[in-house]
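Okay, entry_33.txt now, which holds compact mmCIF, C-alpha atoms:
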# COMPACT_ATOMS: atom_id res chain seq x y z
CA MET G 150 51.58 -25.62 -133.67
CA LYS G 151 54.11 -26.38 -136.35
CA PHE G 152 57.62 -27.63 -135.84
CA GLY G 153 60.53 -28.59 -138.03
CA VAL G 154 62.90 -31.43 -137.22
CA ARG G 155 66.35 -31.19 -138.76
CA ILE G 156 68.15 -34.55 -138.90
CA LEU G 157 71.79 -35.01 -139.89
CA PRO G 158 74.23 -37.92 -139.78
CA LYS G 159 76.15 -37.69 -136.49
CA LYS G 160 79.41 -35.75 -136.61
CA GLY G 161 82.28 -37.98 -137.64
CA PHE G 162 79.82 -40.56 -138.88
CA LEU G 163 80.14 -41.83 -142.44
CA ASP G 164 77.84 -39.80 -144.69
CA PRO G 165 78.15 -41.35 -148.17
CA GLN G 166 75.44 -39.05 -149.58
CA GLY G 167 77.28 -35.99 -148.31
CA ARG G 168 80.61 -37.28 -149.67
CA ALA G 169 79.14 -38.01 -153.11
CA VAL G 170 77.45 -34.59 -153.41
CA GLU G 171 80.59 -32.92 -152.08
CA ALA G 172 82.84 -34.61 -154.66
CA LEU G 173 80.51 -33.61 -157.50
CA LEU G 174 80.05 -29.99 -156.35
CA LYS G 175 83.77 -29.49 -155.82
CA GLU G 176 84.29 -29.85 -159.57
CA GLN G 177 82.56 -26.51 -160.15
CA HIS G 178 82.79 -24.74 -156.82
CA LYS G 179 86.38 -24.50 -155.71
CA THR G 180 85.42 -22.74 -152.46
CA LEU G 181 83.28 -25.65 -151.30
CA ASN G 182 84.54 -27.26 -148.15
CA THR G 183 82.10 -29.92 -146.88
CA VAL G 184 78.55 -31.14 -147.54
CA HIS G 185 76.27 -33.05 -145.20
CA VAL G 186 72.99 -34.49 -146.39
CA GLY G 187 70.18 -35.00 -143.93
CA LYS G 188 66.42 -34.69 -143.61
CA TRP G 189 63.94 -31.96 -142.79
CA ILE G 190 60.61 -33.08 -141.39
CA GLU G 191 57.70 -30.77 -140.62
CA VAL G 192 55.12 -31.80 -138.05
CA GLN G 193 51.98 -30.08 -136.90
CA VAL G 194 50.57 -30.89 -133.46
CA ASN G 195 47.22 -30.04 -131.91
CA GLU G 196 48.55 -28.64 -128.66
CA LYS G 197 48.29 -25.04 -127.47
CA ASP G 198 50.93 -25.27 -124.73
CA ALA G 199 54.24 -24.49 -126.46
CA VAL G 200 56.37 -26.40 -123.95
CA LYS G 201 54.19 -29.52 -124.12
CA ALA G 202 54.08 -29.37 -127.92
CA PHE G 203 57.85 -29.01 -128.15
CA LYS G 204 58.37 -31.95 -125.78
CA ALA G 205 55.98 -34.10 -127.79
CA VAL G 206 57.85 -33.38 -131.02
CA GLU G 207 61.17 -33.96 -129.32
CA GLN G 208 59.91 -37.36 -128.17
CA MET G 209 58.75 -38.21 -131.71
CA ALA G 210 62.18 -37.26 -133.02
CA MET G 211 64.00 -39.28 -130.39
CA GLU G 212 61.85 -42.40 -130.69
CA VAL G 213 60.97 -42.53 -134.37
CA LEU G 214 62.06 -39.72 -136.66
CA ALA G 215 65.79 -40.03 -135.93
CA ASN G 216 67.95 -42.96 -134.90
CA PRO G 217 69.96 -41.50 -132.01
CA MET G 218 72.72 -44.01 -132.68
CA THR G 219 73.55 -42.68 -136.12
CA GLU G 220 71.79 -39.33 -136.39
CA SER G 221 71.56 -36.06 -134.51
CA PHE G 222 68.46 -33.87 -134.57
CA GLU G 223 67.23 -30.40 -133.68
CA VAL G 224 63.63 -29.32 -133.19
CA GLU G 225 62.66 -25.85 -134.30
CA LYS G 226 59.32 -24.08 -133.75
CA LEU G 227 57.96 -22.75 -137.02
CA GLU G 228 54.40 -21.51 -136.32
CA SER G 229 52.23 -21.04 -133.25
CA MET B 210 53.95 -78.95 -134.44
CA LYS B 211 53.15 -75.25 -134.53
CA PRO B 212 53.71 -73.31 -137.77
CA ILE B 213 56.56 -70.92 -138.52
CA GLY B 214 55.31 -67.36 -138.89
CA VAL B 215 56.55 -65.40 -141.90
CA LEU B 216 55.92 -61.68 -141.46
CA THR B 217 55.07 -59.40 -144.36
CA PHE B 218 54.84 -55.64 -144.44
CA PRO B 219 53.86 -53.39 -147.33
CA GLY B 220 57.01 -53.47 -149.47
CA THR B 221 58.39 -56.80 -148.25
CA ASN B 222 59.54 -58.63 -151.39
CA CYS B 223 61.48 -61.71 -150.27
CA ASP B 224 58.43 -63.17 -148.56
CA GLU B 225 57.62 -65.84 -151.15
CA ASP B 226 61.26 -66.94 -151.28
CA VAL B 227 61.49 -67.19 -147.50
CA PHE B 228 58.15 -69.03 -147.32
CA LYS B 229 59.27 -71.61 -149.90
CA TRP B 230 62.74 -71.96 -148.40
CA ALA B 231 61.31 -72.54 -144.91
CA GLY B 232 58.87 -75.10 -146.33
CA HIS B 233 61.62 -76.82 -148.27
CA LEU B 234 63.65 -77.21 -145.10
CA GLY B 235 60.76 -79.11 -143.50
CA ASN B 236 58.90 -76.38 -141.64
CA GLU B 237 55.26 -75.45 -141.92
CA PRO B 238 55.26 -71.75 -142.83
CA LYS B 239 52.27 -69.51 -142.31
CA TRP B 240 51.78 -65.84 -143.23
CA ILE B 241 51.53 -63.12 -140.61
CA SER B 242 50.45 -59.61 -141.59
CA GLY B 243 52.81 -57.06 -140.11
CA GLN B 244 50.00 -54.55 -139.90
CA ASP B 245 47.92 -56.62 -137.46
CA HIS B 246 48.47 -58.16 -134.06
CA PHE B 247 48.98 -61.91 -133.75
CA GLU B 248 49.16 -64.44 -130.92
CA PRO B 249 52.82 -65.31 -130.25
CA LYS B 250 51.85 -68.67 -128.67
CA ASP B 251 50.49 -69.87 -132.01
CA TYR B 252 53.95 -70.02 -133.58
CA GLU B 253 57.05 -72.10 -133.22
CA ALA B 254 59.42 -69.54 -134.73
CA LEU B 255 59.21 -66.24 -136.59
CA LEU B 256 60.92 -65.19 -139.81
CA ILE B 257 61.17 -61.59 -141.00
CA PRO B 258 62.00 -61.54 -144.73
CA GLY B 259 63.81 -58.85 -146.66
CA GLY B 260 62.58 -56.20 -149.06
CA PHE B 261 61.73 -52.54 -148.69
CA SER B 262 59.16 -52.45 -145.92
CA TYR B 263 57.19 -49.20 -146.04
CA GLY B 264 59.35 -48.14 -148.98
CA ASP B 265 62.37 -47.76 -146.69
CA TYR B 266 60.78 -44.40 -145.75
CA LEU B 267 62.47 -42.51 -142.91
CA ARG B 268 65.15 -45.22 -142.45
CA CYS B 269 65.31 -48.87 -143.53
CA GLY B 270 63.06 -50.86 -141.23
CA ALA B 271 62.10 -47.84 -139.09
CA LEU B 272 58.37 -47.90 -139.79
CA ALA B 273 57.96 -51.69 -139.80
CA ALA B 274 59.77 -51.79 -136.45
CA ARG B 275 56.95 -49.71 -134.97
CA SER B 276 54.05 -51.65 -136.53
CA PRO B 277 51.49 -53.65 -134.48
CA ALA B 278 52.92 -57.11 -135.26
CA MET B 279 56.34 -56.09 -133.99
CA GLU B 280 54.89 -55.60 -130.50
CA ASP B 281 53.97 -59.29 -130.60
CA VAL B 282 57.35 -60.22 -132.07
CA ARG B 283 58.84 -58.48 -129.03
CA ARG B 284 56.66 -60.52 -126.66
CA PHE B 285 57.62 -63.70 -128.54
CA ALA B 286 61.33 -62.85 -128.34
CA GLN B 287 61.14 -61.90 -124.67
CA ALA B 288 59.59 -65.30 -123.93
CA GLY B 289 62.61 -66.98 -125.59
CA GLY B 290 61.12 -67.57 -129.06
CA PHE B 291 63.40 -67.92 -132.07
CA VAL B 292 63.29 -64.94 -134.44
CA LEU B 293 65.34 -64.71 -137.64
CA GLY B 294 65.49 -61.47 -139.64
CA ILE B 295 67.01 -61.50 -143.10
CA CYS B 296 68.24 -58.32 -144.82
CA ASN B 297 65.43 -55.78 -144.29
CA GLY B 298 64.27 -58.15 -141.54
CA PHE B 299 67.63 -57.61 -139.84
CA GLN B 300 67.22 -53.85 -140.25
CA ILE B 301 63.74 -54.07 -138.70
CA LEU B 302 65.10 -56.01 -135.71
CA CYS B 303 67.83 -53.38 -135.16
CA GLU B 304 65.34 -50.52 -135.49
CA SER B 305 63.01 -52.20 -132.99
CA GLY B 306 65.85 -52.54 -130.49
CA LEU B 307 65.58 -56.35 -130.43
CA LEU B 308 69.10 -56.41 -131.83
CA PRO B 309 71.79 -53.83 -131.01
CA GLY B 310 73.31 -51.45 -133.54
CA ALA B 311 72.13 -50.09 -136.88
CA LEU B 312 72.53 -50.81 -140.59
CA VAL B 313 73.51 -47.77 -142.61
CA ARG B 314 74.40 -46.89 -146.21
CA ASN B 315 77.15 -49.07 -147.67
CA GLU B 316 80.63 -47.64 -147.77
CA GLY B 317 81.06 -46.07 -151.20
CA GLY B 318 77.28 -45.63 -151.44
CA LEU B 319 76.80 -48.57 -153.81
CA PHE B 320 74.05 -51.17 -153.77
CA ARG B 321 75.87 -54.50 -153.61
CA ASP B 322 74.35 -57.56 -155.24
CA ASP B 323 76.62 -60.59 -155.37
CA PHE B 324 77.53 -63.93 -153.84
CA VAL B 325 79.67 -63.58 -150.71
CA GLN B 326 81.67 -65.97 -148.58
CA LEU B 327 80.62 -65.94 -144.95
CA ARG B 328 82.60 -67.24 -142.07
CA VAL B 329 80.68 -68.74 -139.18
CA THR B 330 82.36 -66.97 -136.28
CA ASN B 331 80.41 -68.48 -133.47
CA TYR B 332 78.65 -71.79 -133.16
CA PHE B 333 75.15 -71.87 -131.75
CA LYS B 334 73.30 -75.07 -130.93
CA ILE B 335 70.30 -73.49 -132.58
CA PHE B 336 72.06 -73.79 -135.99
CA PRO B 337 73.49 -77.33 -135.85
CA HIS B 338 74.69 -77.22 -139.48
CA LEU B 339 76.76 -74.06 -139.02
CA SER B 340 79.90 -75.19 -137.24
CA ASP B 341 82.67 -72.84 -136.12
CA ASP B 342 84.86 -71.53 -138.95
CA LYS B 343 82.63 -73.07 -141.60
CA ILE B 344 82.54 -71.03 -144.82
CA VAL B 345 79.17 -70.65 -146.53
CA ARG B 346 78.45 -69.01 -149.87
CA ILE B 347 75.13 -67.18 -150.25
CA PRO B 348 74.12 -63.91 -151.96
CA ILE B 349 73.74 -60.38 -150.64
CA ALA B 350 71.56 -57.65 -152.14
CA HIS B 351 71.50 -54.42 -150.18
CA GLY B 352 72.30 -50.72 -150.24
CA GLU B 353 72.21 -50.28 -146.49
CA GLY B 354 73.98 -53.24 -144.94
CA ARG B 355 76.91 -51.61 -143.26
CA TYR B 356 76.58 -52.71 -139.65
CA THR B 357 77.53 -50.13 -137.07
CA VAL B 358 77.45 -50.00 -133.31
CA ASP B 359 79.32 -48.03 -130.65
CA PRO B 360 82.78 -49.37 -129.67
CA GLN B 361 81.78 -50.66 -126.21
CA GLU B 362 78.82 -52.51 -127.64
CA LEU B 363 81.01 -54.00 -130.41
CA LYS B 364 83.42 -55.33 -127.82
CA LYS B 365 80.52 -56.79 -125.88
CA LEU B 366 79.11 -58.44 -129.02
CA GLN B 367 82.48 -60.03 -129.74
CA ASP B 368 83.20 -61.02 -126.12
CA GLU B 369 79.75 -62.53 -125.61
CA GLY B 370 79.93 -64.41 -128.90
CA GLN B 371 76.98 -62.58 -130.43
CA VAL B 372 78.65 -62.20 -133.83
CA TRP B 373 77.71 -65.36 -135.68
CA LEU B 374 78.56 -64.45 -139.28
CA SER B 375 81.39 -62.38 -140.76
CA TYR B 376 82.22 -61.48 -144.35
CA ALA B 377 85.39 -63.12 -145.63
CA ASP B 378 85.74 -60.13 -147.97
CA ASN B 379 83.84 -57.15 -146.56
CA PRO B 380 81.46 -55.85 -149.29
CA ASN B 381 79.93 -52.83 -147.53
CA GLY B 382 82.29 -51.44 -144.87
CA SER B 383 80.51 -53.28 -142.08
CA LEU B 384 82.17 -52.76 -138.70
CA GLY B 385 84.28 -55.80 -137.76
CA ASP B 386 83.22 -57.46 -141.07
CA ILE B 387 79.93 -58.28 -139.34
CA ALA B 388 77.28 -59.93 -141.52
CA GLY B 389 75.05 -61.27 -138.75
CA ILE B 390 74.52 -60.90 -135.00
CA SER B 391 72.33 -62.29 -132.27
CA ASN B 392 70.84 -60.74 -129.17
CA GLU B 393 72.33 -61.36 -125.74
CA ASN B 394 69.90 -64.18 -125.03
CA LYS B 395 70.83 -65.88 -128.35
CA ASN B 396 67.29 -66.36 -129.59
CA VAL B 397 66.98 -63.37 -131.95
CA PHE B 398 69.20 -63.48 -135.03
CA GLY B 399 69.75 -61.12 -137.94
CA LEU B 400 71.83 -61.37 -141.08
CA MET B 401 72.15 -59.28 -144.23
CA PRO B 402 72.82 -62.12 -146.75
CA HIS B 403 69.96 -64.21 -148.15
CA PRO B 404 70.00 -67.95 -147.32
CA GLU B 405 66.59 -68.26 -149.02
CA ARG B 406 68.19 -67.42 -152.37
CA ALA B 407 70.59 -70.36 -152.31
CA TYR B 408 69.16 -73.76 -151.46
CA GLN B 409 68.61 -75.51 -154.80
CA PRO B 410 71.23 -76.79 -157.29
CA TRP B 411 70.07 -74.28 -159.96
CA MET B 412 70.59 -71.39 -157.51
CA ASP B 413 74.37 -71.65 -157.86
CA SER B 414 74.74 -72.56 -154.18
CA GLU B 415 72.82 -74.76 -151.77
CA ASP B 416 74.44 -73.39 -148.63
CA GLY B 417 71.18 -71.73 -147.58
CA ARG B 418 70.13 -75.17 -146.32
CA PHE B 419 72.68 -74.91 -143.50
CA PHE B 420 70.55 -72.22 -141.86
CA GLN B 421 67.84 -74.61 -140.69
CA TRP B 422 67.41 -74.06 -136.99
CA LYS B 423 66.83 -76.63 -134.26
CA LEU B 424 64.91 -75.29 -131.30
CA SER B 425 65.27 -76.31 -127.69
CA SER B 426 62.64 -76.29 -124.93
CA LYS B 427 63.80 -72.75 -124.00
CA ASN B 428 62.50 -71.52 -127.35
CA ILE B 429 58.95 -72.77 -126.89
CA VAL B 430 56.63 -69.84 -126.28

Translate the structure described by the file into structure tokens.
Amino acid sequence: MKFGVRILPKKGFLDPQGRAVEALLKEQHKTLNTVHVGKWIEVQVNEKDAVKAFKAVEQMAMEVLANPMTESFEVEKLES
Amino acid sequence: MKPIGVLTFPGTNCDEDVFKWAGHLGNEPKWISGQDHFEPKDYEALLIPGGFSYGDYLRCGALAARSPAMEDVRRFAQAGGFVLGICNGFQILCESGLLPGALVRNEGGLFRDDFVQLRVTNYFKIFPHLSDDKIVRIPIAHGEGRYTVDPQELKKLQDEGQVWLSYADNPNGSLGDIAGISNENKNVFGLMPHPERAYQPWMDSEDGRFFQWKLSSKNIV
């Protein structure tokens, strides 16, 4: 089963990458409002039970893939 | 006397400097591979040098913090042992939860590489040469050294005297000008600047010598 983990700097948290990209893009795209730069991680797990697999990935995200102090994350199921 | 363990991970690059600095200060340094387990009782103190452990993949220090040797560092720290993390070593200690907070991208996004003035904001018996309000001058070299922690925890750090070093002129946007903190038990220390890069006359500063620790019986594991 394949999952995607979307990680972004927490709302209101300083995101220098986002600010830098935003400043550059705004030069050419006047409609641009904000940019946030994060990470997208794909993980495949050998588990047939969808609930168990999701929980396992969520645990990986919470304990390793994201730092809950500075980042927020969302787990998304991609393939069964 | 037991040796001082110097941990290395793939991508650590201040290891030789830290090893020589520790030796110069009168300790007997010995290498520890971060990828293996070790026996905490065999060491008097542990140093975690800077660099780019595991290529800074995922987050600075995130992968090293979850390596086998760090489980033993945790046991060592829980038994009262003295652990000092410098730069990436500080990031590893934060990622492992042995120190509170996190170190994130510098304000302005720039890598900062320069000498800084540090104010000793709290005196610990463990660092007899770093008296209260002393100013020391040693270099920094980091892109992700902006210390951050939630407001309640910051207040606790300040109230409990866990902030031991502050920047006189904040180079990275660090919360509360924090350059170094300790854990609650005051046996695990982290700092972003590099004392091991300033301890000889030709290094433009010898203030790195002031960071020699003096352990008490509580620190013997």

For chain G, report every residue with an atom at most 12 Å from chain B (counting all atoms listed in the file), formatted as a list of chain:residue names.
->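 The contacting residues on chain G are G:Ile156, G:Pro158, G:Phe162, G:Leu163, G:Asp164, G:Pro165, G:Gln166, G:Gly167, G:Arg168, G:Ala169, G:Val170, G:Gly187, G:Lys188, G:Trp189, G:Ile190, G:Ala210, G:Glu212, G:Val213, G:Leu214, G:Ala215, G:Asn216, G:Pro217, G:Met218, G:Thr219, G:Glu220.
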
To one decimal place, how far is atom CA of B:Glu225 from atom CA of B:Arg321 in Å?
-> 21.6 Å

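With distances restricted to only C-alpha atoms, B:Arg346 is the closest residue to B:Asp378 from B:Arg346, B:Arg284, B:Lys239, B:Lys395.
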
Which residue, G:Leu227, G:Met211, G:Leu173, G:Met150, has the smallest gap to G:Lys197 when you use all atoms listed in the file?
->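 Of all the options, G:Met150 lies closest to G:Lys197.
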
Kindly indicate which residue among B:Ala350, B:Asp224, B:Val430, B:Ala407 lies nearest to B:Arg283, using only C-alpha atoms for the distances.
->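 Of the candidates, the smallest distance to B:Arg283 is held by B:Val430.
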
For each of G:Lys226, G:Arg155, G:Asn182, G:Leu174, take the minimum atom-to-atom distance to G:Val194, counting only C-alpha atoms, then give the residue where this is smallest.
->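 Using only C-alpha atoms, the shortest distance to G:Val194 belongs to G:Lys226.
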
Which one is closest to B:Gly417: B:Trp240, B:Lys334, B:Val345, B:Ser375? Count all atoms listed in the file.
-> B:Val345

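If you look at atom CA of B:Phe333 and atom CA of B:Met210, they are 22.5 Å away from each other.
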
When you draw a straight line from atom CA of B:Ile241 to atom CA of B:His351, how long is it in Å?
->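 Interatomic distance, atom CA of B:Ile241 to atom CA of B:His351: 23.8 Å.
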
Go through B:Val292, B:Ile347, B:Val215, B:Leu400 one by one, measure the shortest atom-to-atom distance of each to B:Met412 using all atoms listed in the file, and give the residue with the smallest value.
->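 The answer is B:Ile347, which sits nearest to B:Met412.
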
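For B:Asp281, the non-local neighbours within 9 Å, defined as residues at least 2 positions apart in the same chain or in other chains and counting all atoms listed in the file, are His246, Phe247, Glu248, Pro249, Pro277, Ala278, Met279, Arg283, Arg284, Phe285 and Ala286 of chain B.
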
Kindly save the residues from that selection, with C-alpha atoms included, as a short mmCIF file (atom, residue, chain, number, x, y, z; two decimals), in the frame of the given file.
data_model
loop_
_atom_site.label_atom_id
_atom_site.label_comp_id
_atom_site.auth_asym_id
_atom_site.auth_seq_id
_atom_site.Cartn_x
_atom_site.Cartn_y
_atom_site.Cartn_z
CA HIS B 246 48.47 -58.16 -134.06
CA PHE B 247 48.98 -61.91 -133.75
CA GLU B 248 49.16 -64.44 -130.92
CA PRO B 249 52.82 -65.31 -130.25
CA PRO B 277 51.49 -53.65 -134.48
CA ALA B 278 52.92 -57.11 -135.26
CA MET B 279 56.34 -56.09 -133.99
CA ARG B 283 58.84 -58.48 -129.03
CA ARG B 284 56.66 -60.52 -126.66
CA PHE B 285 57.62 -63.70 -128.54
CA ALA B 286 61.33 -62.85 -128.34
#

Need to verify the contact set: B:Gly232, 12 Å, all atoms listed in the file, exclusion of same-chain residues closer than 2 positions in sequence. Can you return it as a tab-separated table (two decimals) with C-alpha atoms, keeping the file's coordinate frame?
chain	number	residue	atom	x	y	z
B	212	PRO	CA	53.71	-73.31	-137.77
B	213	ILE	CA	56.56	-70.92	-138.52
B	214	GLY	CA	55.31	-67.36	-138.89
B	215	VAL	CA	56.55	-65.40	-141.90
B	225	GLU	CA	57.62	-65.84	-151.15
B	226	ASP	CA	61.26	-66.94	-151.28
B	227	VAL	CA	61.49	-67.19	-147.50
B	228	PHE	CA	58.15	-69.03	-147.32
B	229	LYS	CA	59.27	-71.61	-149.90
B	230	TRP	CA	62.74	-71.96	-148.40
B	234	LEU	CA	63.65	-77.21	-145.10
B	235	GLY	CA	60.76	-79.11	-143.50
B	236	ASN	CA	58.90	-76.38	-141.64
B	237	GLU	CA	55.26	-75.45	-141.92
B	238	PRO	CA	55.26	-71.75	-142.83
B	239	LYS	CA	52.27	-69.51	-142.31
B	405	GLU	CA	66.59	-68.26	-149.02
B	408	TYR	CA	69.16	-73.76	-151.46
B	418	ARG	CA	70.13	-75.17	-146.32
B	421	GLN	CA	67.84	-74.61	-140.69

Quick one: everything within 6 Å of G:Gly153, counting only C-alpha atoms, minus sequence neighbours fewer than 2 positions away in the same chain. Send it as a PyMOL selection string.
-> chain G and resi 190-191+224-225

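If you count all atoms listed in the file and ignore residues fewer than 6 places along the chain from B:Leu374, what sits within 6 Å of it is B:Arg328, B:Val329, B:Thr330, B:Ala388, B:Gly389.
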
Can you write out the residues you just picked, keeping C-alpha atoms, as a CSV table (one decimal), keeping the file's coordinate frame?
chain,number,residue,atom,x,y,z
B,328,ARG,CA,82.6,-67.2,-142.1
B,329,VAL,CA,80.7,-68.7,-139.2
B,330,THR,CA,82.4,-67.0,-136.3
B,388,ALA,CA,77.3,-59.9,-141.5
B,389,GLY,CA,75.0,-61.3,-138.8

List as a ChimeraX atom specification: which residues have an atom within 9 Å of (50.7, -29.3, -131.0), counting all atoms listed in the file?
-> /G:150-152,192-199,201-203,205-206,229

Final N, CA and C atoms of stretch 180-195 of chain G as an mmCIF file, keeping the file's coordinate frame:
data_model
loop_
_atom_site.group_PDB
_atom_site.id
_atom_site.type_symbol
_atom_site.label_atom_id
_atom_site.label_comp_id
_atom_site.auth_asym_id
_atom_site.auth_seq_id
_atom_site.Cartn_x
_atom_site.Cartn_y
_atom_site.Cartn_z
ATOM 1 N N THR G 180 85.447 -23.214 -153.849
ATOM 2 C CA THR G 180 85.420 -22.740 -152.460
ATOM 3 C C THR G 180 84.712 -23.728 -151.529
ATOM 4 N N LEU G 181 84.051 -24.714 -152.115
ATOM 5 C CA LEU G 181 83.280 -25.650 -151.300
ATOM 6 C C LEU G 181 84.181 -26.436 -150.360
ATOM 7 N N ASN G 182 83.754 -26.510 -149.124
ATOM 8 C CA ASN G 182 84.540 -27.260 -148.150
ATOM 9 C C ASN G 182 83.875 -28.624 -147.885
ATOM 10 N N THR G 183 82.752 -28.630 -147.166
ATOM 11 C CA THR G 183 82.100 -29.920 -146.880
ATOM 12 C C THR G 183 80.597 -29.850 -147.142
ATOM 13 N N VAL G 184 80.004 -31.025 -147.361
ATOM 14 C CA VAL G 184 78.550 -31.140 -147.540
ATOM 15 C C VAL G 184 78.048 -32.248 -146.617
ATOM 16 N N HIS G 185 76.936 -31.988 -145.957
ATOM 17 C CA HIS G 185 76.270 -33.050 -145.200
ATOM 18 C C HIS G 185 74.836 -33.132 -145.682
ATOM 19 N N VAL G 186 74.362 -34.323 -145.930
ATOM 20 C CA VAL G 186 72.990 -34.490 -146.390
ATOM 21 C C VAL G 186 72.167 -35.119 -145.277
ATOM 22 N N GLY G 187 71.048 -34.478 -144.983
ATOM 23 C CA GLY G 187 70.180 -35.000 -143.930
ATOM 24 C C GLY G 187 68.729 -34.919 -144.336
ATOM 25 N N LYS G 188 67.855 -34.724 -143.341
ATOM 26 C CA LYS G 188 66.420 -34.690 -143.610
ATOM 27 C C LYS G 188 65.796 -33.509 -142.888
ATOM 28 N N TRP G 189 64.718 -33.019 -143.431
ATOM 29 C CA TRP G 189 63.940 -31.960 -142.790
ATOM 30 C C TRP G 189 62.507 -32.438 -142.737
ATOM 31 N N ILE G 190 61.971 -32.559 -141.548
ATOM 32 C CA ILE G 190 60.610 -33.080 -141.390
ATOM 33 C C ILE G 190 59.758 -32.031 -140.695
ATOM 34 N N GLU G 191 58.591 -31.737 -141.263
ATOM 35 C CA GLU G 191 57.700 -30.770 -140.620
ATOM 36 C C GLU G 191 56.525 -31.498 -139.983
ATOM 37 N N VAL G 192 56.249 -31.166 -138.748
ATOM 38 C CA VAL G 192 55.120 -31.800 -138.050
ATOM 39 C C VAL G 192 54.225 -30.729 -137.439
ATOM 40 N N GLN G 193 52.933 -31.001 -137.502
ATOM 41 C CA GLN G 193 51.980 -30.080 -136.900
ATOM 42 C C GLN G 193 51.291 -30.816 -135.765
ATOM 43 N N VAL G 194 51.208 -30.209 -134.586
ATOM 44 C CA VAL G 194 50.570 -30.890 -133.460
ATOM 45 C C VAL G 194 49.414 -30.036 -132.912
ATOM 46 N N ASN G 195 48.368 -30.740 -132.500
ATOM 47 C CA ASN G 195 47.220 -30.040 -131.910
ATOM 48 C C ASN G 195 47.465 -29.886 -130.416
#
